[in-house]
Amino acid sequence: MTMPPSPHQPPHHPYGGPVPPPQQPGAFGAPQGFPQQGFPPQGFPQQGVPPQYQGPGAGAWGQPSMGPPPKKGLSAGAIVAIVVGSLVLVGGIGYGVVAGLSGVTGSFPEATHRLVVPKTLLAGEYTLVADLSETEGKEIEDTPDLTVKDAEAAVGQYSGEDDSALVVSGMHGRIKNAELTRSSILKGAATEKGSTLVVRPKDFTPAGYGVTISCQVTTSKDGLATTTLPMCAWGDDNTAAAVARVTPEQATADPKDIDLAELAEITAKIRAEIRKPIS
């Protein structure tokens, strides 16, 4: 015969052992014994609040929160790679002029100057990464152009200590219409596949250099990334080239914020360094 429990003994759990006494409700109706401060417990998301936004100290088991997810952006190296990959194409575009252009008359000038690809530029600020004259540059030489004779390419890729990229893409020869060649270079870059002209060409005449520099800004799309590409060009009787210098900050900047006058000055300095008399 089963005896009823003694009133002085605690009731037993059906599966053995005493039944714990009922807990008194705490703050927000939570049973006492659970942490009240910061309820729900750390490590568990609050209703309607993603775990990564719960603020400091909201990580699991007392660990610091990871914080908001980092912005998905390109590293400096990736940006420079995109910039360089886009700009070396300048070596093979923009120089060809369609046959039959009106206004292209007269004799070809004498060859007095040529372009070189030095190991450094701008007083050592930029170091040569690759001389592309014999590779991408061959497209310049092979592009038919009725206004240029004896064209030879000079294409160099440079890097700076600030993770910037600089590309010089040009040629030397006997150029009948230097102004037309200069504008043709920029037009070719702006109409390349994936490029969009955002800031139209503007002419600059940096003091002390005796040359007109034309500059523009395009954007280049590579997958989901859009890169800002400022570029300048010159043309004279013997030489013509495009110069593009882009820092990681400029590559993601609003194209209208780019200082083209500064780039024109840099281009004029580079021209003075790489344009040499034919001895």
# chains A, B, ... in the order shown; residues from 1 in each chain; ligands from 1
>>> select_by_dssp(residues="range 173-241 of chain A", states="strand (DSSP E)", output="PyMOL selection string")
chain A and resi 173-175+195-204+213-222+225-235+239-241
>>> residues_around(residues="Ala244 in chain A", least_positions_apart="5", cutoff="6 Å", atoms="only C-alpha atoms", output="list in words")
Leu166, Val167 and Met231 of chain A
>>> residues_around(residues="Thr219 in chain A", least_positions_apart="6", cutoff="9 Å", atoms="only C-alpha atoms", output="PyMOL selection string")
chain A and resi 190+194-198+226-230+251+255
>>> residues_around(residues="Leu260 in chain A", least_positions_apart="3", cutoff="10 Å", atoms="only C-alpha atoms", output="list in words")
Val199, Pro201, Lys202, Asp203, Phe204, Ser214, Cys215, Gln216, Val217, Pro230, Met231, Cys232, Lys256, Asp257, Leu263, Ala264, Glu265 and Ile266 of chain A
>>> select_by_dssp(residues="range 114-243 of chain A", states="alpha helix (DSSP H)", output="list in words")
Lys138, Glu139, Ile140, Glu141, Asp142, Ala178, Glu179, Leu180, Thr181, Arg182, Ser183, Ser184, Ile185, Leu186, Lys187, Gly188, Ala189 and Ala190 of chain A
>>> write_last_selection(atoms="all heavy atoms", output="tab-separated table (two decimals), in the first residue's frame")
chain	number	residue	atom	x	y	z
A	138	LYS	N	52.95	47.24	-79.27
A	138	LYS	CA	52.96	46.83	-80.67
A	138	LYS	C	51.65	47.18	-81.38
A	138	LYS	O	51.63	47.38	-82.59
A	138	LYS	CB	53.21	45.32	-80.77
A	138	LYS	CG	54.67	44.93	-80.56
A	138	LYS	CD	55.55	45.56	-81.62
A	138	LYS	CE	57.02	45.17	-81.43
A	138	LYS	NZ	57.89	45.87	-82.41
A	139	GLU	N	50.56	47.25	-80.62
A	139	GLU	CA	49.28	47.61	-81.22
A	139	GLU	C	49.31	49.03	-81.74
A	139	GLU	O	48.61	49.38	-82.70
A	139	GLU	CB	48.14	47.40	-80.22
A	139	GLU	CG	47.92	45.95	-79.84
A	139	GLU	CD	46.66	45.79	-79.00
A	139	GLU	OE1	45.66	46.46	-79.30
A	139	GLU	OE2	46.69	45.00	-78.05
A	140	ILE	N	50.08	49.90	-81.08
A	140	ILE	CA	50.20	51.28	-81.56
A	140	ILE	C	50.88	51.28	-82.92
A	140	ILE	O	50.43	51.92	-83.87
A	140	ILE	CB	51.03	52.12	-80.56
A	140	ILE	CG1	50.31	52.22	-79.23
A	140	ILE	CG2	51.30	53.50	-81.14
A	140	ILE	CD1	51.12	52.95	-78.17
A	141	GLU	N	51.96	50.54	-83.02
A	141	GLU	CA	52.74	50.51	-84.25
A	141	GLU	C	51.97	49.86	-85.40
A	141	GLU	O	52.17	50.21	-86.57
A	141	GLU	CB	54.05	49.78	-84.02
A	141	GLU	CG	54.91	50.41	-82.93
A	141	GLU	CD	56.14	49.59	-82.57
A	141	GLU	OE1	56.35	48.54	-83.20
A	141	GLU	OE2	56.87	50.01	-81.67
A	142	ASP	N	51.09	48.91	-85.05
A	142	ASP	CA	50.36	48.18	-86.09
A	142	ASP	C	49.03	48.82	-86.47
A	142	ASP	O	48.35	48.34	-87.37
A	142	ASP	CB	50.09	46.74	-85.62
A	142	ASP	CG	51.39	45.95	-85.44
A	142	ASP	OD1	52.41	46.37	-86.03
A	142	ASP	OD2	51.38	44.96	-84.69
A	178	ALA	N	49.46	67.10	-84.82
A	178	ALA	CA	49.63	66.76	-83.40
A	178	ALA	C	48.35	66.96	-82.60
A	178	ALA	O	48.03	66.16	-81.72
A	178	ALA	CB	50.76	67.60	-82.81
A	179	GLU	N	47.59	68.02	-82.90
A	179	GLU	CA	46.35	68.29	-82.17
A	179	GLU	C	45.33	67.18	-82.41
A	179	GLU	O	44.65	66.73	-81.47
A	179	GLU	CB	45.79	69.64	-82.59
A	179	GLU	CG	44.54	70.03	-81.82
A	179	GLU	CD	44.02	71.40	-82.22
A	179	GLU	OE1	44.75	72.14	-82.92
A	179	GLU	OE2	42.89	71.74	-81.81
A	180	LEU	N	45.23	66.72	-83.64
A	180	LEU	CA	44.31	65.64	-83.97
A	180	LEU	C	44.72	64.34	-83.26
A	180	LEU	O	43.87	63.61	-82.74
A	180	LEU	CB	44.26	65.43	-85.48
A	180	LEU	CG	43.33	64.33	-85.98
A	180	LEU	CD1	41.88	64.65	-85.63
A	180	LEU	CD2	43.49	64.14	-87.49
A	181	THR	N	46.01	64.09	-83.22
A	181	THR	CA	46.50	62.88	-82.54
A	181	THR	C	46.19	62.93	-81.06
A	181	THR	O	45.77	61.94	-80.46
A	181	THR	CB	48.01	62.73	-82.76
A	181	THR	OG1	48.28	62.61	-84.16
A	181	THR	CG2	48.55	61.50	-82.04
A	182	ARG	N	46.38	64.10	-80.44
A	182	ARG	CA	46.11	64.26	-79.00
A	182	ARG	C	44.64	63.97	-78.69
A	182	ARG	O	44.32	63.22	-77.76
A	182	ARG	CB	46.48	65.67	-78.56
A	182	ARG	CG	46.28	65.92	-77.07
A	182	ARG	CD	46.70	67.33	-76.69
A	182	ARG	NE	45.76	68.34	-77.15
A	182	ARG	CZ	46.07	69.36	-77.96
A	182	ARG	NH1	47.30	69.49	-78.44
A	182	ARG	NH2	45.15	70.24	-78.31
A	183	SER	N	43.74	64.55	-79.49
A	183	SER	CA	42.32	64.34	-79.23
A	183	SER	C	41.91	62.90	-79.56
A	183	SER	O	41.02	62.33	-78.92
A	183	SER	CB	41.48	65.32	-80.06
A	183	SER	OG	41.69	65.13	-81.44
A	184	SER	N	42.59	62.29	-80.53
A	184	SER	CA	42.28	60.91	-80.90
A	184	SER	C	42.63	59.95	-79.78
A	184	SER	O	41.93	58.96	-79.54
A	184	SER	CB	43.05	60.54	-82.17
A	184	SER	OG	42.80	59.21	-82.54
A	185	ILE	N	43.72	60.23	-79.06
A	185	ILE	CA	44.12	59.39	-77.93
A	185	ILE	C	43.02	59.37	-76.87
A	185	ILE	O	42.60	58.30	-76.40
A	185	ILE	CB	45.44	59.90	-77.32
A	185	ILE	CG1	46.59	59.71	-78.29
A	185	ILE	CG2	45.73	59.19	-76.00
A	185	ILE	CD1	47.88	60.39	-77.85
A	186	LEU	N	42.55	60.55	-76.48
A	186	LEU	CA	41.53	60.62	-75.44
A	186	LEU	C	40.20	60.03	-75.90
A	186	LEU	O	39.51	59.36	-75.14
A	186	LEU	CB	41.33	62.08	-75.01
A	186	LEU	CG	42.54	62.74	-74.33
A	186	LEU	CD1	42.20	64.18	-73.94
A	186	LEU	CD2	43.01	61.95	-73.12
A	187	LYS	N	39.87	60.27	-77.16
A	187	LYS	CA	38.62	59.71	-77.68
A	187	LYS	C	38.66	58.19	-77.67
A	187	LYS	O	37.68	57.52	-77.33
A	187	LYS	CB	38.37	60.22	-79.09
A	187	LYS	CG	37.06	59.72	-79.70
A	187	LYS	CD	36.83	60.29	-81.10
A	187	LYS	CE	35.52	59.77	-81.68
A	187	LYS	NZ	35.31	60.30	-83.06
A	188	GLY	N	39.79	57.64	-78.04
A	188	GLY	CA	39.92	56.18	-78.04
A	188	GLY	C	39.77	55.59	-76.66
A	188	GLY	O	39.13	54.56	-76.48
A	189	ALA	N	40.35	56.26	-75.65
A	189	ALA	CA	40.23	55.76	-74.28
A	189	ALA	C	38.81	55.86	-73.77
A	189	ALA	O	38.33	54.99	-73.03
A	189	ALA	CB	41.17	56.54	-73.37
A	190	ALA	N	38.09	56.92	-74.18
A	190	ALA	CA	36.72	57.13	-73.69
A	190	ALA	C	35.72	56.19	-74.34
A	190	ALA	O	34.65	55.94	-73.77
A	190	ALA	CB	36.30	58.58	-73.95
>>> residues_around(residues="Thr205 in chain A", least_positions_apart="4", cutoff="10 Å", atoms="only C-alpha atoms", output="compact mmCIF listing (two decimals) with C-alpha atoms, in the first residue's frame")
# COMPACT_ATOMS: atom_id res chain seq x y z
CA TYR A 209 56.55 73.78 -70.66
CA GLY A 210 55.35 75.20 -73.97
CA VAL A 211 52.81 72.44 -74.65
CA THR A 212 49.04 72.01 -74.55
CA ILE A 213 47.82 69.16 -72.34
CA SER A 214 44.28 67.82 -72.71
CA ALA A 261 45.00 70.87 -63.57
CA ALA A 264 48.16 68.24 -66.46
CA GLU A 265 51.14 69.65 -64.55
CA ALA A 268 54.00 68.11 -68.57
>>> residues_around(residues="Pro118 in chain A", least_positions_apart="3", cutoff="8 Å", atoms="only C-alpha atoms", output="list of chain:residue names")
A:Leu121, A:Leu128, A:Ile274
>>> write_last_selection(atoms="N, CA and C atoms", output="mmCIF file, in the first residue's frame")
data_model
loop_
_atom_site.group_PDB
_atom_site.id
_atom_site.type_symbol
_atom_site.label_atom_id
_atom_site.label_comp_id
_atom_site.auth_asym_id
_atom_site.auth_seq_id
_atom_site.Cartn_x
_atom_site.Cartn_y
_atom_site.Cartn_z
ATOM 1 N N LEU A 121 60.394 57.903 -62.522
ATOM 2 C CA LEU A 121 59.788 59.145 -62.998
ATOM 3 C C LEU A 121 59.543 60.079 -61.824
ATOM 4 N N LEU A 128 59.559 51.964 -62.262
ATOM 5 C CA LEU A 128 59.071 51.157 -63.375
ATOM 6 C C LEU A 128 58.753 49.739 -62.922
ATOM 7 N N ILE A 274 60.752 62.229 -70.405
ATOM 8 C CA ILE A 274 60.845 61.090 -71.325
ATOM 9 C C ILE A 274 61.025 61.486 -72.783
#
>>> closest_residue(among="A:Thr120, A:Arg200, A:Thr252, A:Ile175", to="Ser159 in chain A", atoms="only C-alpha atoms")
A:Thr120
